[in-house]
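Read through the structure below, which is laid out as structure tokens, and then see the notes.
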Amino acid sequence: MIDFKFSSEKLFDQKFEKSVKADCYVMFLKSDFDFSKDLQEIERKYLPNLEAFFALKDFKGEAKSSLLMHATDKKEIFHTLFLGLGKANSEKDVKDKNDKNKKNKSLKKGSGILEIENLRRALGVLIRVVEKNKFKNIVIELPSAELFGVTEEFFAKQIATILNMANYHFDCFITTESCKLPKDYNIILIADKSRISALKAGLHEGEIIGEAVNIARHAIDLPAANMNPQDLVNLAKAIAKENKLKITVFDEEDIIKMGMGGLAAVSKGSDRDCALVIMEYKTSKKNASTLAFVGKGITFDSGGLSLKPANSMETMKEDMSGAAAVIASMEAFAKLKPEVNIICVAPISENLPSGKATKPGDIITFYNGKTAEVRNTDAEGRLILADALSYVEDKYKPDIIIDLATLTGACQYALGHFYCGMMSKDTDLISKVQKASDLSGDRVWNLPFHDDYKAAIKSSVADICNIGSPKYMAGTVTAGFFLSNFVDHTPWLHLDIAGTAFNVPDMPYYRDGATGFGVRLLVELVCNWNK
Ligand code: BES
Ligand code: ZN
Ligand code: ZN
């Protein structure tokens with residue numbers, strides 16, 4: 001738990017020494033900081049040889065860099081942590097950004113703005129340093145929100161979201177207490193009095209978002225033995241109950257009866273039942289839009305009879321990351337109360353081999369009546385999503401549909417871990433999602449989605465085939481085209497999160513394991529929907 005408090009007494013001020021005591025004082029520095037202007041006074045009064053120490057450690061305020069300085073103040077030793085924010089964008093970039101978004105108030109000439117992502121990463125580094133040094137009470141001198149070209153509220157939202165995300169550690173199976181990391185921090189944020197009420201509002205939202213991200217991460221990080229289809233259903237039920245959301249759960253029998261041949265086919269090899277979870281958030285606002293979010297919920301993907309090689313299977317507990325993101329986001333929506341209606345749909349199953357499993361060559365019929373040849377049982381995500389997409393369009397008639405799925409290894413190859421693949425034909429929806437991505441830090445990359453790729457999934461024995469013909473390549477896009485058969489007329493956007501959901505390297509606010517990708521994006525999208 002992170003407990004936030006405020007103080008308006010500037011760090012290293014005369015009075016400060018006596019009023020705010022802490023294990024660690026934190027200051028942010030841009031890479032073009034001016035030592036004589038920004039730090040000389042502090043060096044003289046409190047931190048002797050600071051400039052020489054910066055030089056010795058080659059600390060220049062670069063993004064993701066940090067420097068911890070120990071100093072003595074009369075009897076006590078205290079620590080000061082300097083965090084690098086990197087370089088501001090050039091004035092030209094700033095002008096372009098302001099021209100694009102006229103609402104952004106123009107910045108003073110000569111200022112340049114810093115990417116808010118640099119602040120996020122610096123905050124991630126902050127948590128890594130304090131956990132290593134076992135600090136508990138931390139005082140942070142906040143930079144101005146203007147430095148990043150954002151409002152105070154947005155700025156504080158990022159701070160609380162990221163500090164909570166960075167503080168997440170999947171440690172429930174670690175029995176050696178000393179290997180568990182500390183989680184409780186008292187943080188005092190130093191800011192002028194005039195900023196505090198806006199900052200408080202942002203912190204509150206950020207805490208809600210950070211918690212939702214961490215709920216998704218915990219569900220994903222749990223081994224498949226502890227997060228089987230029923231466990232994931234139970235998580236959705238618990239979130240619904242706690243937040244008074246409507247929830248409907250269809251079991252395997254219902255699914256077969258409703259004609260959801262894709263979900264049923266994937267579940268055949270498992271002794272455990274599949275499920276379809278539908279959660280609903282309703283706003284009190286009249287005539288509000290209805291947004292549907294669909295998430296792939298394969299609690300373990302062995303590949304089925306088209307068995308994966310051992311190393312590709314190692315992390316396949318992550319294959320319910322889409323479902324975890326949409327389910328966990330519902331908790332944030334229930335608390336943030338956006339003025340839209342939201343339908344969350346999660347088709348949930350295991351993908352295992354057995355004597356009863358679906359076999360390569362089998363032909364299945366989906367909820368919307370279309371048929372597919374299953375040439376590879378490892379391309380199972382599209383089969384369960386097919387039924388979920390056509391069901392939600394048919395029954396709920398939403399204004400838009402977005403699905404999130406760890407769908408293809410090809411997406412990892414194409415984009416790596418830092419961007420997910422985005423596919424849609426609806427330019428309005430693309431730009432809305434792109435904007436939410438720019439704001440939230442969950443990064444999307446728009447992939448080509450032209451009908452030329454459609455021919456890749458032709459079948460000679462059924463309407464379509466569940467894998468693309470190798471001569472077309474582009475496995476991520478052809479998987480997207482498979483899904484396009486199951487959305488008839490609703491604006492729809494597909495996010496392939498195979499690369500961004502798990503084991504993303506080099507991000508100080510993540511760790512090995514789940515990232516909760518998609519939660520921040522959906523929350524930002526929903527909260528800005530009517531703007
Ligand atoms: N769950 C995998 C995709 C995946 C790969 C997710 C790596 C996360 C990390 C998916 O079900 C799958 O196995 N896809 C196959 C499709 C192929 C058989 C056409 C793949 O990508 O190899
Ligand atoms: Zn698979
Ligand atoms: Zn899968």
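Residues are named by chain letter and number: chains run A, B, ... in the order of the structure tokens, numbers start at 1 in each chain, and ligands are numbered from 1 in the order shown.
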Who sits within 10 Å of segment 256-261 of chain A, only C-alpha atoms, same chain under 5 positions skipped, as a PyMOL selection string: chain A and resi 250-251+266-267+276+363-372+383-384+386-388+390-391
Close residues, segment 508-511 of chain A itself excluded, 10 Å, only C-alpha atoms, min 5 positions apart in chain, as a VMD selection string: chain A and resid 64 120 to 128 161 to 170 502 to 503 516
Dump of N, CA, C and O atoms for the selected residues, as an mmCIF file, in the first residue's frame:
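What ended up in out-v3.cif:
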data_model
loop_
_atom_site.group_PDB
_atom_site.id
_atom_site.type_symbol
_atom_site.label_atom_id
_atom_site.label_comp_id
_atom_site.auth_asym_id
_atom_site.auth_seq_id
_atom_site.Cartn_x
_atom_site.Cartn_y
_atom_site.Cartn_z
ATOM 1 N N LYS A 64 15.547 7.438 -17.208
ATOM 2 C CA LYS A 64 15.747 6.165 -16.497
ATOM 3 C C LYS A 64 16.996 6.116 -15.617
ATOM 4 O O LYS A 64 17.275 5.102 -14.995
ATOM 5 N N ARG A 120 7.009 8.482 -16.003
ATOM 6 C CA ARG A 120 6.578 7.137 -15.583
ATOM 7 C C ARG A 120 7.786 6.259 -15.303
ATOM 8 O O ARG A 120 7.850 5.552 -14.297
ATOM 9 N N ARG A 121 8.756 6.303 -16.212
ATOM 10 C CA ARG A 121 9.926 5.433 -16.038
ATOM 11 C C ARG A 121 10.752 5.856 -14.827
ATOM 12 O O ARG A 121 11.263 5.013 -14.090
ATOM 13 N N ALA A 122 10.852 7.160 -14.620
ATOM 14 C CA ALA A 122 11.594 7.648 -13.450
ATOM 15 C C ALA A 122 10.905 7.176 -12.161
ATOM 16 O O ALA A 122 11.568 6.799 -11.191
ATOM 17 N N LEU A 123 9.584 7.156 -12.165
ATOM 18 C CA LEU A 123 8.849 6.697 -10.980
ATOM 19 C C LEU A 123 9.058 5.200 -10.763
ATOM 20 O O LEU A 123 9.106 4.727 -9.624
ATOM 21 N N GLY A 124 9.170 4.462 -11.863
ATOM 22 C CA GLY A 124 9.475 3.031 -11.758
ATOM 23 C C GLY A 124 10.844 2.837 -11.114
ATOM 24 O O GLY A 124 11.007 2.025 -10.196
ATOM 25 N N VAL A 125 11.820 3.636 -11.554
ATOM 26 C CA VAL A 125 13.170 3.553 -10.986
ATOM 27 C C VAL A 125 13.119 3.905 -9.494
ATOM 28 O O VAL A 125 13.770 3.260 -8.666
ATOM 29 N N LEU A 126 12.311 4.907 -9.156
ATOM 30 C CA LEU A 126 12.173 5.314 -7.756
ATOM 31 C C LEU A 126 11.781 4.118 -6.879
ATOM 32 O O LEU A 126 12.403 3.853 -5.849
ATOM 33 N N ILE A 127 10.767 3.377 -7.302
ATOM 34 C CA ILE A 127 10.334 2.228 -6.493
ATOM 35 C C ILE A 127 11.445 1.173 -6.426
ATOM 36 O O ILE A 127 11.695 0.583 -5.367
ATOM 37 N N ARG A 128 12.149 0.946 -7.521
ATOM 38 C CA ARG A 128 13.236 -0.044 -7.495
ATOM 39 C C ARG A 128 14.325 0.364 -6.500
ATOM 40 O O ARG A 128 14.881 -0.471 -5.793
ATOM 41 N N THR A 161 -0.902 5.881 -10.629
ATOM 42 C CA THR A 161 -1.003 4.650 -11.421
ATOM 43 C C THR A 161 0.342 3.936 -11.425
ATOM 44 O O THR A 161 0.439 2.742 -11.123
ATOM 45 N N ILE A 162 1.384 4.670 -11.771
ATOM 46 C CA ILE A 162 2.688 4.041 -11.968
ATOM 47 C C ILE A 162 3.323 3.608 -10.651
ATOM 48 O O ILE A 162 3.912 2.529 -10.573
ATOM 49 N N LEU A 163 3.199 4.413 -9.604
ATOM 50 C CA LEU A 163 3.789 3.973 -8.337
ATOM 51 C C LEU A 163 3.117 2.680 -7.873
ATOM 52 O O LEU A 163 3.781 1.771 -7.385
ATOM 53 N N ASN A 164 1.816 2.580 -8.068
ATOM 54 C CA ASN A 164 1.129 1.329 -7.692
ATOM 55 C C ASN A 164 1.557 0.177 -8.589
ATOM 56 O O ASN A 164 1.751 -0.943 -8.125
ATOM 57 N N MET A 165 1.684 0.440 -9.887
ATOM 58 C CA MET A 165 2.127 -0.631 -10.794
ATOM 59 C C MET A 165 3.545 -1.086 -10.462
ATOM 60 O O MET A 165 3.839 -2.279 -10.436
ATOM 61 N N ALA A 166 4.421 -0.119 -10.205
ATOM 62 C CA ALA A 166 5.825 -0.470 -9.930
ATOM 63 C C ALA A 166 5.940 -1.248 -8.624
ATOM 64 O O ALA A 166 6.844 -2.051 -8.435
ATOM 65 N N ASN A 167 4.978 -1.020 -7.747
ATOM 66 C CA ASN A 167 5.001 -1.648 -6.427
ATOM 67 C C ASN A 167 4.451 -3.070 -6.438
ATOM 68 O O ASN A 167 4.494 -3.763 -5.433
ATOM 69 N N TYR A 168 3.916 -3.498 -7.573
ATOM 70 C CA TYR A 168 3.346 -4.853 -7.671
ATOM 71 C C TYR A 168 4.465 -5.896 -7.705
ATOM 72 O O TYR A 168 5.463 -5.727 -8.403
ATOM 73 N N HIS A 169 4.290 -6.950 -6.942
ATOM 74 C CA HIS A 169 5.255 -8.057 -6.969
ATOM 75 C C HIS A 169 4.471 -9.344 -6.780
ATOM 76 O O HIS A 169 3.724 -9.472 -5.810
ATOM 77 N N PHE A 170 4.621 -10.283 -7.706
ATOM 78 C CA PHE A 170 3.896 -11.557 -7.584
ATOM 79 C C PHE A 170 4.658 -12.435 -6.605
ATOM 80 O O PHE A 170 5.578 -13.159 -6.974
ATOM 81 N N PHE A 502 3.235 -9.777 -21.396
ATOM 82 C CA PHE A 502 4.025 -10.593 -20.461
ATOM 83 C C PHE A 502 5.515 -10.436 -20.740
ATOM 84 O O PHE A 502 5.936 -10.335 -21.901
ATOM 85 N N ASN A 503 6.314 -10.434 -19.676
ATOM 86 C CA ASN A 503 7.783 -10.382 -19.801
ATOM 87 C C ASN A 503 8.280 -9.279 -20.735
ATOM 88 O O ASN A 503 9.062 -9.525 -21.653
ATOM 89 N N GLY A 516 -0.390 -6.332 -17.341
ATOM 90 C CA GLY A 516 -1.737 -5.753 -17.233
ATOM 91 C C GLY A 516 -2.051 -4.871 -18.422
ATOM 92 O O GLY A 516 -2.920 -3.987 -18.359
#
Close residues to ligand 1 using only C-alpha atoms and all ligand atoms, limit 10 Å, as an MDAnalysis selection string: chainID A and resid 296:304 306:308 312:321 351 375:383 405:413 466:470 473 475:476 478:479 496:503
Who sits within 7 Å of Arg217 of chain A, only C-alpha atoms, same chain under 4 positions skipped, as number ranges by chain: A: 213, 221, 514-516
Write the residues of the selection above to a file with N, CA, C and O atoms, as a tab-separated table (two decimals), in the first residue's frame.
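Saved file again20.tsv follows:
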chain	number	residue	atom	x	y	z
A	213	VAL	N	-5.01	-2.49	-12.84
A	213	VAL	CA	-3.90	-3.09	-13.62
A	213	VAL	C	-3.31	-4.26	-12.82
A	213	VAL	O	-3.07	-5.35	-13.36
A	221	ASP	N	-0.47	-13.75	-13.65
A	221	ASP	CA	0.73	-14.37	-13.06
A	221	ASP	C	0.43	-15.67	-12.32
A	221	ASP	O	1.32	-16.51	-12.15
A	514	ALA	N	3.43	-10.57	-15.80
A	514	ALA	CA	2.33	-9.86	-16.44
A	514	ALA	C	2.47	-8.34	-16.34
A	514	ALA	O	2.97	-7.82	-15.35
A	515	THR	N	1.99	-7.65	-17.38
A	515	THR	CA	2.04	-6.19	-17.40
A	515	THR	C	0.67	-5.54	-17.15
A	515	THR	O	0.59	-4.36	-16.85
A	516	GLY	N	-0.39	-6.33	-17.34
A	516	GLY	CA	-1.74	-5.75	-17.23
A	516	GLY	C	-2.05	-4.87	-18.42
A	516	GLY	O	-2.92	-3.99	-18.36
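Nearest residue to Leu83 of chain A, choosing from A:Val26, A:Val504, A:Ile42, A:Leu525 and counting only C-alpha atoms: A:Val26.
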